$ cat work-v4.txt   # compact mmCIF, C-alpha atoms
# COMPACT_ATOMS: atom_id res chain seq x y z
CA MET R 1 -130.68 99.08 -90.50
CA ILE R 2 -133.92 99.70 -88.72
CA ASP R 3 -134.01 98.81 -85.06
CA LYS R 4 -136.84 100.33 -83.02
CA PHE R 5 -136.13 98.28 -79.91
CA ILE R 6 -135.31 100.45 -76.88
CA ALA R 7 -133.89 98.89 -73.75
CA THR R 8 -136.07 100.56 -71.15
CA ALA R 9 -139.33 102.48 -70.84
CA GLU R 10 -137.43 105.34 -69.20
CA GLU R 11 -135.15 105.66 -72.23
CA ALA R 12 -138.09 105.49 -74.62
CA LEU R 13 -139.78 108.47 -72.94
CA ALA R 14 -136.74 110.53 -72.02
CA ASP R 15 -137.47 113.29 -74.55
CA VAL R 16 -141.13 113.97 -73.65
CA PRO R 17 -141.31 117.76 -73.11
CA ASP R 18 -143.60 119.71 -70.82
CA GLY R 19 -146.86 120.55 -72.55
CA ALA R 20 -146.84 117.51 -74.84
CA THR R 21 -150.06 115.90 -76.08
CA ILE R 22 -149.98 112.23 -75.21
CA MET R 23 -152.38 109.52 -76.29
CA ILE R 24 -152.59 106.61 -73.91
CA GLY R 25 -154.08 103.38 -75.23
CA GLY R 26 -156.15 100.88 -73.36
CA PHE R 27 -159.71 100.28 -72.30
CA GLY R 28 -159.83 99.16 -68.72
CA ASN R 29 -156.70 97.15 -68.07
CA ALA R 30 -156.84 95.65 -71.55
CA GLY R 31 -154.18 97.31 -73.67
CA MET R 32 -153.17 99.76 -70.96
CA PRO R 33 -149.42 100.47 -71.20
CA ALA R 34 -148.92 100.41 -67.44
CA GLN R 35 -145.12 100.43 -67.41
CA LEU R 36 -144.91 103.25 -69.95
CA ILE R 37 -147.24 105.36 -67.81
CA GLU R 38 -145.10 104.60 -64.77
CA ALA R 39 -142.05 105.72 -66.73
CA LEU R 40 -143.83 108.92 -67.79
CA ILE R 41 -144.61 109.65 -64.15
CA ALA R 42 -140.95 109.11 -63.24
CA GLN R 43 -139.80 111.21 -66.20
CA GLY R 44 -141.49 114.30 -64.83
CA ALA R 45 -143.03 116.04 -67.88
CA LYS R 46 -145.90 118.31 -66.83
CA GLY R 47 -148.62 120.45 -68.33
CA LEU R 48 -149.62 117.44 -70.42
CA THR R 49 -152.71 117.01 -72.56
CA VAL R 50 -153.81 113.38 -72.35
CA VAL R 51 -156.09 111.49 -74.71
CA ASN R 52 -157.58 108.31 -73.26
CA ASN R 53 -161.03 106.75 -73.10
CA ASN R 54 -161.19 107.31 -69.35
CA ALA R 55 -159.58 109.56 -66.77
CA GLY R 56 -157.79 107.05 -64.63
CA ASN R 57 -158.84 104.44 -62.11
CA ALA R 58 -157.81 103.92 -58.50
CA ASP R 59 -154.30 105.13 -57.64
CA ALA R 60 -151.98 103.85 -60.36
CA GLY R 61 -151.29 104.69 -64.00
CA LEU R 62 -153.16 107.66 -65.47
CA ALA R 63 -154.82 108.29 -62.12
CA ALA R 64 -151.39 108.74 -60.52
CA LEU R 65 -150.31 111.09 -63.32
CA ILE R 66 -153.42 113.21 -62.67
CA GLY R 67 -152.96 112.92 -58.90
CA ARG R 68 -149.49 114.45 -59.27
CA LYS R 69 -150.99 117.42 -61.15
CA ARG R 70 -149.10 116.67 -64.34
CA VAL R 71 -152.14 116.76 -66.62
CA LYS R 72 -153.64 120.12 -67.57
CA LYS R 73 -156.23 118.78 -69.97
CA ILE R 74 -157.83 115.45 -70.76
CA LEU R 75 -159.87 114.38 -73.78
CA CYS R 76 -161.97 111.32 -72.98
CA SER R 77 -165.44 109.82 -73.24
CA PHE R 78 -165.99 108.46 -69.76
CA PRO R 79 -164.14 110.19 -66.92
CA ARG R 80 -166.57 109.42 -64.13
CA GLN R 81 -166.15 106.00 -62.60
CA SER R 82 -166.55 104.57 -59.13
CA ASP R 83 -162.79 104.78 -58.59
CA SER R 84 -161.86 107.92 -60.57
CA TRP R 85 -161.22 109.91 -57.38
CA HIS R 86 -158.00 111.56 -58.55
CA PHE R 87 -159.71 112.98 -61.63
CA ASP R 88 -162.87 113.90 -59.69
CA LYS R 89 -160.83 115.85 -57.15
CA ALA R 90 -158.73 117.68 -59.77
CA PHE R 91 -161.83 118.47 -61.85
CA ARG R 92 -163.82 119.84 -58.94
CA ALA R 93 -160.79 121.92 -57.90
CA GLY R 94 -160.62 123.37 -61.42
CA GLU R 95 -157.12 122.00 -61.88
CA ILE R 96 -157.85 119.98 -65.01
CA GLU R 97 -159.70 120.85 -68.18
CA LEU R 98 -162.07 118.19 -69.53
CA GLU R 99 -163.04 117.85 -73.19
CA LEU R 100 -165.77 115.24 -73.13
CA VAL R 101 -166.01 113.44 -76.48
CA PRO R 102 -168.45 110.67 -77.42
CA GLN R 103 -166.46 107.46 -77.66
CA GLY R 104 -167.02 106.91 -81.37
CA THR R 105 -166.17 110.52 -82.14
CA LEU R 106 -163.04 110.19 -80.03
CA ALA R 107 -161.99 107.10 -81.99
CA GLU R 108 -162.77 108.69 -85.36
CA ARG R 109 -160.98 111.95 -84.49
CA ILE R 110 -157.90 109.90 -83.63
CA ARG R 111 -158.28 107.83 -86.79
CA ALA R 112 -158.72 110.98 -88.90
CA ALA R 113 -155.46 112.43 -87.57
CA GLY R 114 -153.53 109.35 -88.61
CA ALA R 115 -155.24 109.22 -91.98
CA GLY R 116 -154.63 112.84 -92.98
CA ILE R 117 -158.28 113.85 -92.86
CA GLY R 118 -158.89 117.56 -92.23
CA ALA R 119 -162.27 117.16 -90.54
CA PHE R 120 -165.37 114.99 -90.85
CA TYR R 121 -169.12 115.11 -90.34
CA THR R 122 -170.63 112.68 -87.86
CA PRO R 123 -174.28 112.24 -86.85
CA THR R 124 -173.24 111.53 -83.25
CA ALA R 125 -174.15 114.20 -80.71
CA PHE R 126 -176.20 116.33 -83.12
CA GLY R 127 -178.76 118.29 -81.13
CA THR R 128 -177.03 117.61 -77.81
CA ARG R 129 -174.99 119.81 -75.53
CA LEU R 130 -171.80 118.10 -76.73
CA ALA R 131 -172.38 119.68 -80.14
CA GLU R 132 -173.03 123.18 -78.84
CA GLY R 133 -171.04 125.78 -80.75
CA LYS R 134 -169.98 123.30 -83.42
CA GLU R 135 -170.56 123.64 -87.13
CA THR R 136 -173.39 121.43 -88.38
CA ARG R 137 -174.64 120.44 -91.78
CA ARG R 138 -177.61 118.57 -93.16
CA ILE R 139 -176.59 116.03 -95.79
CA GLY R 140 -179.48 114.13 -97.35
CA ASP R 141 -181.92 113.62 -94.52
CA THR R 142 -179.37 113.46 -91.72
CA ASP R 143 -177.89 116.18 -89.54
CA TYR R 144 -174.18 116.06 -88.87
CA VAL R 145 -171.65 117.73 -86.59
CA LEU R 146 -168.23 118.80 -87.88
CA GLU R 147 -165.39 117.24 -85.90
CA TYR R 148 -161.64 117.78 -86.17
CA PRO R 149 -158.78 115.30 -85.86
CA ILE R 150 -156.80 114.85 -82.66
CA HIS R 151 -153.07 114.79 -83.30
CA ALA R 152 -150.56 113.82 -80.65
CA ASP R 153 -146.87 114.21 -79.98
CA TYR R 154 -146.67 110.76 -78.42
CA ALA R 155 -148.82 107.65 -78.26
CA LEU R 156 -148.16 105.15 -75.49
CA ILE R 157 -149.74 101.84 -76.37
CA LYS R 158 -149.50 98.17 -75.48
CA ALA R 159 -149.30 95.32 -77.95
CA ASP R 160 -148.54 91.63 -77.66
CA ARG R 161 -145.65 91.04 -80.06
CA ALA R 162 -143.34 93.22 -82.12
CA ASP R 163 -140.36 92.90 -84.44
CA ARG R 164 -137.54 95.44 -84.80
CA TRP R 165 -139.31 97.17 -87.71
CA GLY R 166 -142.15 98.03 -85.29
CA ASN R 167 -144.77 95.69 -86.71
CA LEU R 168 -147.32 94.94 -84.00
CA ALA R 169 -149.72 92.12 -83.23
CA TYR R 170 -152.27 92.51 -80.46
CA ARG R 171 -154.13 90.21 -78.13
CA MET R 172 -157.95 90.11 -78.06
CA THR R 173 -159.68 93.27 -76.82
CA ALA R 174 -156.33 94.79 -75.81
CA ARG R 175 -156.19 96.06 -79.40
CA ASN R 176 -158.84 98.79 -78.78
CA PHE R 177 -157.27 102.24 -79.36
CA GLY R 178 -153.75 100.97 -80.13
CA PRO R 179 -153.79 100.90 -83.95
CA ILE R 180 -155.44 104.31 -84.39
CA MET R 181 -153.34 106.04 -81.74
CA ALA R 182 -150.17 104.61 -83.28
CA ALA R 183 -151.08 106.29 -86.57
CA ALA R 184 -152.15 109.59 -84.98
CA ALA R 185 -149.00 110.35 -83.00
CA ARG R 186 -145.68 111.71 -84.17
CA ILE R 187 -143.82 109.29 -81.90
CA THR R 188 -145.48 106.02 -80.96
CA VAL R 189 -143.99 104.01 -78.14
CA ALA R 190 -145.32 100.49 -77.79
CA GLN R 191 -144.73 98.23 -74.83
CA VAL R 192 -144.94 94.61 -75.86
CA ARG R 193 -144.93 91.26 -74.13
CA GLU R 194 -142.57 89.70 -76.61
CA THR R 195 -140.14 90.82 -79.28
CA VAL R 196 -139.48 88.47 -82.17
CA PRO R 197 -136.93 88.32 -85.00
CA LEU R 198 -137.84 90.02 -88.25
CA GLY R 199 -139.90 87.67 -90.38
CA GLU R 200 -141.37 85.77 -87.48
CA LEU R 201 -144.62 87.75 -87.35
CA ASP R 202 -146.95 86.39 -89.99
CA PRO R 203 -147.66 89.42 -92.22
CA GLU R 204 -151.33 88.40 -92.13
CA VAL R 205 -151.51 88.97 -88.36
CA VAL R 206 -149.70 92.31 -88.29
CA VAL R 207 -152.41 94.80 -87.29
CA THR R 208 -150.20 97.87 -86.93
CA PRO R 209 -147.48 98.04 -89.59
CA GLY R 210 -144.15 99.34 -88.38
CA ILE R 211 -144.46 102.61 -90.29
CA PHE R 212 -146.71 103.82 -87.47
CA VAL R 213 -144.37 102.81 -84.64
CA GLN R 214 -141.13 104.50 -83.61
CA ARG R 215 -140.09 102.82 -80.35
CA ILE R 216 -140.62 99.38 -78.88
CA VAL R 217 -139.98 98.38 -75.28
CA ARG R 218 -140.27 94.78 -74.19
CA ILE R 219 -141.73 94.68 -70.71
CA ALA R 220 -142.38 91.01 -70.04
CA PRO R 221 -139.69 89.20 -68.07
CA LEU R 222 -137.27 86.96 -69.90
CA ARG R 223 -138.55 83.45 -70.33
CA LYS R 224 -135.17 81.86 -69.81
CA ALA R 225 -132.44 82.79 -67.45
CA ALA R 226 -129.36 84.03 -69.25
CA MET P 1 -200.24 96.55 -59.61
CA LYS P 2 -198.00 93.85 -60.98
CA LYS P 3 -194.58 95.07 -62.04
CA LEU P 4 -191.81 93.19 -63.78
CA ASP P 5 -188.49 93.14 -61.97
CA ARG P 6 -185.33 94.01 -63.87
CA LYS P 7 -184.63 90.43 -64.86
CA GLN P 8 -188.16 90.02 -66.13
CA ILE P 9 -187.86 93.18 -68.24
CA ALA P 10 -184.60 91.79 -69.67
CA ALA P 11 -186.25 88.44 -70.37
CA ARG P 12 -189.22 90.11 -72.07
CA LEU P 13 -186.92 92.18 -74.28
CA ALA P 14 -184.72 89.19 -75.12
CA ARG P 15 -187.72 87.39 -76.66
CA ASP P 16 -187.91 90.07 -79.37
CA ILE P 17 -184.32 89.70 -80.61
CA PRO P 18 -184.47 87.55 -83.76
CA ASP P 19 -182.14 84.85 -84.98
CA GLY P 20 -179.14 86.28 -86.82
CA ALA P 21 -179.27 89.72 -85.18
CA TYR P 22 -176.17 91.77 -84.38
CA VAL P 23 -176.78 93.40 -81.01
CA ASN P 24 -175.02 95.78 -78.62
CA LEU P 25 -176.11 95.61 -75.00
CA GLY P 26 -175.36 98.82 -73.10
CA ILE P 27 -173.45 98.67 -69.86
CA GLY P 28 -175.37 98.10 -66.64
CA LEU P 29 -178.97 96.91 -66.78
CA PRO P 30 -179.07 96.02 -70.51
CA THR P 31 -176.25 93.52 -70.00
CA LEU P 32 -178.84 91.33 -68.22
CA VAL P 33 -180.51 90.69 -71.59
CA ALA P 34 -177.65 88.36 -72.56
CA ASP P 35 -178.77 85.85 -69.93
CA TYR P 36 -182.22 85.51 -71.51
CA LEU P 37 -181.53 85.35 -75.24
CA PRO P 38 -183.24 82.23 -76.62
CA LYS P 39 -180.71 79.42 -76.91
CA ASP P 40 -182.01 78.27 -80.28
CA ARG P 41 -181.13 81.58 -81.94
CA GLU P 42 -177.68 82.66 -83.14
CA ILE P 43 -177.40 86.24 -81.90
CA VAL P 44 -174.06 88.03 -82.23
CA LEU P 45 -173.25 90.39 -79.37
CA HIS P 46 -171.06 93.41 -80.11
CA SER P 47 -169.09 95.45 -77.63
CA GLU P 48 -167.68 98.93 -78.21
CA ASN P 49 -164.16 97.92 -77.21
CA GLY P 50 -163.72 95.87 -80.35
CA VAL P 51 -165.36 92.47 -80.19
CA LEU P 52 -168.16 90.61 -81.96
CA GLY P 53 -169.39 87.25 -80.72
CA ILE P 54 -169.31 87.66 -76.95
CA GLY P 55 -170.08 84.45 -75.08
CA PRO P 56 -171.06 83.72 -71.48
CA ARG P 57 -169.17 84.91 -68.43
CA PRO P 58 -165.99 82.92 -67.87
CA ALA P 59 -165.81 80.40 -65.06
CA PRO P 60 -164.17 81.76 -61.90
CA GLY P 61 -160.42 81.61 -62.40
CA ALA P 62 -160.72 81.53 -66.19
CA GLU P 63 -160.94 85.32 -66.63
CA ASP P 64 -158.48 86.96 -69.03
CA GLU P 65 -157.84 90.67 -68.56
CA ASP P 66 -157.41 91.08 -72.32
CA LEU P 67 -160.94 89.80 -72.98
CA ILE P 68 -163.51 92.20 -71.57
CA ASN P 69 -166.72 93.96 -72.58
CA ALA P 70 -167.52 97.68 -72.59
CA GLY P 71 -168.48 97.41 -68.92
CA LYS P 72 -164.92 96.14 -68.34
CA GLU P 73 -166.27 92.80 -67.15
CA PRO P 74 -164.50 89.60 -68.19
CA VAL P 75 -166.25 87.78 -71.03
CA THR P 76 -165.60 84.84 -73.35
CA LEU P 77 -165.56 84.65 -77.13
CA LEU P 78 -167.82 82.38 -79.14
CA LYS P 79 -166.62 80.38 -82.13
CA GLY P 80 -166.85 82.80 -85.05
CA GLY P 81 -166.02 85.80 -82.88
CA ALA P 82 -163.74 88.59 -84.06
CA PHE P 83 -161.62 91.44 -82.70
CA PHE P 84 -161.13 94.89 -84.25
CA HIS P 85 -159.95 98.33 -83.22
CA HIS P 86 -162.04 101.11 -81.73
CA ALA P 87 -162.56 103.11 -84.93
CA ASP P 88 -163.82 100.03 -86.76
CA SER P 89 -166.03 99.20 -83.79
CA PHE P 90 -167.71 102.59 -83.90
CA GLY P 91 -167.80 102.46 -87.69
CA MET P 92 -170.00 99.41 -87.25
CA ILE P 93 -172.20 101.39 -84.89
CA ARG P 94 -172.52 104.66 -86.83
CA GLY P 95 -172.53 102.86 -90.17
CA ARG P 96 -175.89 101.27 -89.26
CA HIS P 97 -174.61 97.72 -89.24
CA LEU P 98 -175.99 96.85 -85.81
CA ASP P 99 -179.56 95.59 -85.86
CA TYR P 100 -180.27 96.45 -82.23
CA CYS P 101 -178.83 98.26 -79.29
CA VAL P 102 -180.31 98.11 -75.83
CA LEU P 103 -179.87 101.14 -73.61
CA GLY P 104 -181.05 102.29 -70.21
CA ALA P 105 -182.69 105.70 -69.91
CA PHE P 106 -183.52 108.51 -67.52
CA GLN P 107 -186.24 109.73 -69.87
CA VAL P 108 -187.72 109.01 -73.29
CA SER P 109 -189.94 111.57 -75.02
CA VAL P 110 -193.05 110.95 -77.11
CA LYS P 111 -190.91 111.67 -80.18
CA GLY P 112 -188.37 109.05 -79.21
CA ASP P 113 -185.79 111.47 -77.86
CA LEU P 114 -183.47 109.74 -75.41
CA ALA P 115 -181.83 111.15 -72.27
CA ASN P 116 -179.53 108.68 -70.60
CA TRP P 117 -176.08 110.17 -70.03
CA HIS P 118 -176.33 113.20 -67.79
CA THR P 119 -178.64 114.24 -65.00
CA GLY P 120 -177.88 117.87 -65.79
CA GLY P 121 -176.79 118.55 -62.23
CA ALA P 122 -174.33 121.44 -62.04
CA ASP P 123 -172.00 119.41 -59.84
CA ALA P 124 -172.26 116.19 -61.85
CA ILE P 125 -169.14 115.08 -63.72
CA PRO P 126 -170.45 114.17 -67.17
CA ALA P 127 -169.56 110.88 -68.86
CA VAL P 128 -171.02 109.79 -72.18
CA GLY P 129 -169.06 106.75 -73.38
CA GLY P 130 -170.59 105.24 -76.52
CA ALA P 131 -174.23 106.09 -75.76
CA MET P 132 -174.57 108.90 -78.33
CA ASP P 133 -173.01 106.78 -81.08
CA LEU P 134 -175.24 103.80 -80.32
CA ALA P 135 -178.36 105.97 -80.17
CA VAL P 136 -177.81 107.43 -83.66
CA GLY P 137 -176.30 104.34 -85.23
CA ALA P 138 -178.23 101.19 -84.36
CA LYS P 139 -181.10 100.31 -86.68
CA ASN P 140 -183.33 99.70 -83.66
CA VAL P 141 -182.77 101.43 -80.34
CA LEU P 142 -184.49 99.51 -77.56
CA VAL P 143 -184.76 101.16 -74.16
CA MET P 144 -185.26 99.26 -70.93
CA MET P 145 -186.14 101.19 -67.81
CA GLU P 146 -188.57 101.45 -64.94
CA HIS P 147 -191.75 103.17 -66.05
CA LEU P 148 -191.79 105.58 -63.10
CA THR P 149 -189.17 107.36 -61.06
CA LYS P 150 -188.87 106.58 -57.37
CA GLU P 151 -191.10 109.61 -56.82
CA GLY P 152 -193.76 108.10 -59.09
CA GLN P 153 -193.20 110.39 -62.07
CA SER P 154 -193.33 108.99 -65.57
CA LYS P 155 -189.98 108.57 -67.32
CA ILE P 156 -191.87 108.76 -70.59
CA VAL P 157 -192.32 112.48 -71.08
CA GLU P 158 -193.51 115.13 -73.50
CA ARG P 159 -190.01 116.66 -73.63
CA CYS P 160 -186.88 115.41 -71.92
CA SER P 161 -185.79 117.70 -69.10
CA TYR P 162 -182.42 115.97 -68.86
CA PRO P 163 -179.75 116.64 -71.52
CA LEU P 164 -180.40 114.64 -74.70
CA THR P 165 -178.34 111.67 -75.83
CA ALA P 166 -179.96 111.81 -79.27
CA ALA P 167 -183.25 113.02 -80.77
CA HIS P 168 -185.87 110.77 -82.43
CA CYS P 169 -183.87 107.61 -81.94
CA VAL P 170 -185.84 105.24 -79.71
CA THR P 171 -187.71 102.44 -81.48
CA ARG P 172 -189.29 100.58 -78.57
CA ILE P 173 -189.52 101.01 -74.80
CA TYR P 174 -189.62 98.08 -72.37
CA THR P 175 -190.66 99.01 -68.85
CA ASP P 176 -191.85 97.16 -65.76
CA LEU P 177 -195.42 98.05 -66.80
CA ALA P 178 -195.57 97.90 -70.60
CA VAL P 179 -193.97 97.52 -74.00
CA ILE P 180 -194.42 100.69 -76.05
CA ASP P 181 -193.46 101.43 -79.66
CA VAL P 182 -192.42 104.89 -80.83
CA ARG P 183 -193.89 105.41 -84.28
CA ALA P 184 -193.76 108.73 -86.09
CA GLY P 185 -194.04 110.71 -82.90
CA ASP P 186 -196.80 108.59 -81.37
CA LEU P 187 -196.53 106.05 -78.59
CA HIS P 188 -198.28 102.79 -79.27
CA VAL P 189 -198.78 100.41 -76.37
CA VAL P 190 -197.93 96.95 -77.60
CA GLU P 191 -198.32 95.06 -74.36
CA ILE P 192 -199.34 95.77 -70.77
CA VAL P 193 -197.98 93.81 -67.81
CA GLY P 194 -200.52 91.82 -65.76
CA ASP P 195 -204.07 93.11 -65.75
CA LEU P 196 -203.29 96.80 -65.48
CA PRO P 197 -206.07 98.61 -67.33
CA PHE P 198 -204.99 100.76 -70.27
CA ASP P 199 -206.63 103.81 -68.70
CA GLU P 200 -204.54 103.36 -65.56
CA LEU P 201 -201.32 103.00 -67.63
CA GLN P 202 -202.37 106.17 -69.46
CA ARG P 203 -202.92 107.99 -66.16
CA LEU P 204 -199.54 106.92 -64.77
CA THR P 205 -197.70 107.82 -67.99
CA GLY P 206 -199.18 111.26 -68.45
CA VAL P 207 -198.41 111.68 -72.14
CA PRO P 208 -200.90 110.41 -74.76
CA LEU P 209 -200.69 106.69 -75.52
CA LYS P 210 -202.36 104.77 -78.29
CA HIS P 211 -203.69 101.35 -77.52
CA LEU P 212 -202.81 98.49 -79.80
CA ALA P 213 -205.18 95.61 -79.21
CA THR P 214 -202.65 93.10 -80.48
CA ALA P 215 -200.67 91.38 -77.78
CA ALA P 216 -197.20 90.27 -78.76

$ encode --input "work-v4.txt" --output "structure tokens"
Amino acid sequence: MIDKFIATAEEALADVPDGATIMIGGFGNAGMPAQLIEALIAQGAKGLTVVNNNAGNADAGLAALIGRKRVKKILCSFPRQSDSWHFDKAFRAGEIELELVPQGTLAERIRAAGAGIGAFYTPTAFGTRLAEGKETRRIGDTDYVLEYPIHADYALIKADRADRWGNLAYRMTARNFGPIMAAAARITVAQVRETVPLGELDPEVVVTPGIFVQRIVRIAPLRKAA
Amino acid sequence: MKKLDRKQIAARLARDIPDGAYVNLGIGLPTLVADYLPKDREIVLHSENGVLGIGPRPAPGAEDEDLINAGKEPVTLLKGGAFFHHADSFGMIRGRHLDYCVLGAFQVSVKGDLANWHTGGADAIPAVGGAMDLAVGAKNVLVMMEHLTKEGQSKIVERCSYPLTAAHCVTRIYTDLAVIDVRAGDLHVVEIVGDLPFDELQRLTGVPLKHLATAA
């Protein structure tokens, strides 16, 4: 029997070792697995490499993880924001390594990892400082930059509904990085608003099939009192 | 000298977006264009975070944190809208499916090189987002910006001094003083704001401009 439901976020992240590479889904608050990040902070793993579109906002979530000096390296497209003070401080102090990746290249490198692609050529960033030192190739009349996949030990993502096989359905723009990160990580932990019995998710609305998901934690409160 | 304000630049640009176009509006200033798109045209707005068919801002209290644009502002979805993941979203961009993107700029060169992501300052924390993907991917890259810096220097330059976003990518430039096409390494003035003489626009801009007599 397959049952990927885990009772708590803490339990789902108990085995994260120091030095792990962790993808964190979300774009803004949409799709951000806030409770999983809180559990990762409580769990204590350090020396982490984090993959996210941003580098944390304000004082909670990824920003708190960075503020507690638990992240040694971040791969993202847009670290600098009006409220990214924890990252800004760590970066200026030389405490965190930044690999700045154009957003589409970030997405495709994640996708490539999940799809078993060894590397790919993209036109993005050719001739810019973000392509310095990278292999390039002219194909037809276009110049391309060689980019490599980003694999991860864990992906922490947020979806709307899940069944015990790990099939996921998302809600609106909260989908963002979830499906590709789920495929790119060895262990994908999804926090979901609702868990449903097997067969209740219409197969036509499953965006991430359960093969990509290892652990599910329901975070939303119970609708009915026991 | 009459200058367009930012809303007027956005309104001028919006007039050129045709019915049926798929368009990405960059974060910040370009987002203003949405307010001026002609109501009688069906124009499908794309956002990097996985949505096509963005509608107007939601009414106060009707915001949904799961429905946002690339600027992380709450939006609505039009009938016919669709959601997709980030890799598909950028596949649309790089795969040349978008008809237009609208971007702000620090500088544009005579060859259509764009610099809009980094001031190059040693202390600046760089952030690029989707700008490089949009600049190489959209069929038409429209730039909206002030013609001159606060110090009065032209933002249209022979060579960008700021780090490049992409080379040879800009199609058309909309400024507070003019509309200028980039064609095969030449700048063609399509339209001049108010009664600014061409020679004066040429003097302010510094790099060679060609004068198209045809007003849009």

$ closest_atom_pairs --input "work-v4.txt" --of "chain R" --to "chain P" --cutoff "6 Å" --atoms "all atoms listed in the file" --output "JSON lines"
{"residue": "R:Gly28", "atom": "CA", "partner": "P:Lys72", "partner_atom": "CA", "distance": 5.9}
{"residue": "R:Ala30", "atom": "CA", "partner": "P:Asp66", "partner_atom": "CA", "distance": 4.7}
{"residue": "R:Ser77", "atom": "CA", "partner": "P:Gly129", "partner_atom": "CA", "distance": 4.7}
{"residue": "R:Phe78", "atom": "CA", "partner": "P:Ala127", "partner_atom": "CA", "distance": 4.4}
{"residue": "R:Pro79", "atom": "CA", "partner": "P:Ala127", "partner_atom": "CA", "distance": 5.8}
{"residue": "R:Arg80", "atom": "CA", "partner": "P:Ala127", "partner_atom": "CA", "distance": 5.8}
{"residue": "R:Pro102", "atom": "CA", "partner": "P:Gly129", "partner_atom": "CA", "distance": 5.7}
{"residue": "R:Gln103", "atom": "CA", "partner": "P:Gly130", "partner_atom": "CA", "distance": 4.8}
{"residue": "R:Gly104", "atom": "CA", "partner": "P:Phe90", "partner_atom": "CA", "distance": 5.1}
{"residue": "R:Ala107", "atom": "CA", "partner": "P:Ala87", "partner_atom": "CA", "distance": 5.0}
{"residue": "R:Glu108", "atom": "CA", "partner": "P:Ala87", "partner_atom": "CA", "distance": 5.6}
{"residue": "R:Thr124", "atom": "CA", "partner": "P:Asp133", "partner_atom": "CA", "distance": 5.2}
{"residue": "R:Ala125", "atom": "CA", "partner": "P:Met132", "partner_atom": "CA", "distance": 5.8}
{"residue": "R:Thr128", "atom": "CA", "partner": "P:Leu164", "partner_atom": "CA", "distance": 5.5}
{"residue": "R:Met172", "atom": "CA", "partner": "P:Asp66", "partner_atom": "CA", "distance": 5.8}
{"residue": "R:Thr173", "atom": "CA", "partner": "P:Leu67", "partner_atom": "CA", "distance": 5.3}
{"residue": "R:Ala174", "atom": "CA", "partner": "P:Asp66", "partner_atom": "CA", "distance": 5.2}
{"residue": "R:Arg175", "atom": "CA", "partner": "P:His85", "partner_atom": "CA", "distance": 5.8}
{"residue": "R:Asn176", "atom": "CA", "partner": "P:His85", "partner_atom": "CA", "distance": 4.6}
{"residue": "R:Phe177", "atom": "CA", "partner": "P:His86", "partner_atom": "CA", "distance": 5.4}

$ write_last_selection --input "work-v4.txt" --atoms "C-alpha atoms" --output "PDB file, in the frame of the given file"
ATOM      1  CA  GLY R  28    -159.830  99.160 -68.720  1.00  0.00           C
ATOM      2  CA  ALA R  30    -156.840  95.650 -71.550  1.00  0.00           C
ATOM      3  CA  SER R  77    -165.440 109.820 -73.240  1.00  0.00           C
ATOM      4  CA  PHE R  78    -165.990 108.460 -69.760  1.00  0.00           C
ATOM      5  CA  PRO R  79    -164.140 110.190 -66.920  1.00  0.00           C
ATOM      6  CA  ARG R  80    -166.570 109.420 -64.130  1.00  0.00           C
ATOM      7  CA  PRO R 102    -168.450 110.670 -77.420  1.00  0.00           C
ATOM      8  CA  GLN R 103    -166.460 107.460 -77.660  1.00  0.00           C
ATOM      9  CA  GLY R 104    -167.020 106.910 -81.370  1.00  0.00           C
ATOM     10  CA  ALA R 107    -161.990 107.100 -81.990  1.00  0.00           C
ATOM     11  CA  GLU R 108    -162.770 108.690 -85.360  1.00  0.00           C
ATOM     12  CA  THR R 124    -173.240 111.530 -83.250  1.00  0.00           C
ATOM     13  CA  ALA R 125    -174.150 114.200 -80.710  1.00  0.00           C
ATOM     14  CA  THR R 128    -177.030 117.610 -77.810  1.00  0.00           C
ATOM     15  CA  MET R 172    -157.950  90.110 -78.060  1.00  0.00           C
ATOM     16  CA  THR R 173    -159.680  93.270 -76.820  1.00  0.00           C
ATOM     17  CA  ALA R 174    -156.330  94.790 -75.810  1.00  0.00           C
ATOM     18  CA  ARG R 175    -156.190  96.060 -79.400  1.00  0.00           C
ATOM     19  CA  ASN R 176    -158.840  98.790 -78.780  1.00  0.00           C
ATOM     20  CA  PHE R 177    -157.270 102.240 -79.360  1.00  0.00           C
TER      21      PHE R 177
END

$ residues_around --input "work-v4.txt" --residues "Gly80 (chain P)" --least-positions-apart "5" --cutoff "12 Å" --atoms "only C-alpha atoms" --output "PyMOL selection string"
chain P and resi 42-45+51-55

$ residues_around --input "work-v4.txt" --residues "His86 (chain R)" --least-positions-apart "3" --cutoff "10 Å" --atoms "all atoms listed in the file" --output "PyMOL selection string"
chain R and resi 55-60+62-69+83+89-91

$ closest_residue --input "work-v4.txt" --among "R:Val205, R:Val213, R:Ala45, R:Cys76" --to "Ala155 (chain R)" --atoms "all atoms listed in the file"
R:Val213

$ closest_residue --input "work-v4.txt" --among "P:Thr76, P:Thr119, P:Gln107, P:Asn140" --to "Ile17 (chain P)" --atoms "only C-alpha atoms"
P:Asn140

$ residues_around --input "work-v4.txt" --residues "Gly104 (chain P)" --least-positions-apart "4" --cutoff "8 Å" --atoms "all atoms listed in the file" --output "list in words"
Gly26, Gly28, Leu29, Pro30, Asn116, Val143, Met144 and Met145 of chain P

$ atom_distance --input "work-v4.txt" --atom1 "CA of Tyr36 (chain P)" --atom2 "CA of Ile180 (chain P)"
20.0 Å

$ residues_around --input "work-v4.txt" --residues "Phe126 (chain R)" --least-positions-apart "5" --cutoff "8 Å" --atoms "all atoms listed in the file" --output "list of chain:residue names"
R:Ala131, R:Thr136, R:Asp143, R:Tyr144, R:Val145, P:Ala166
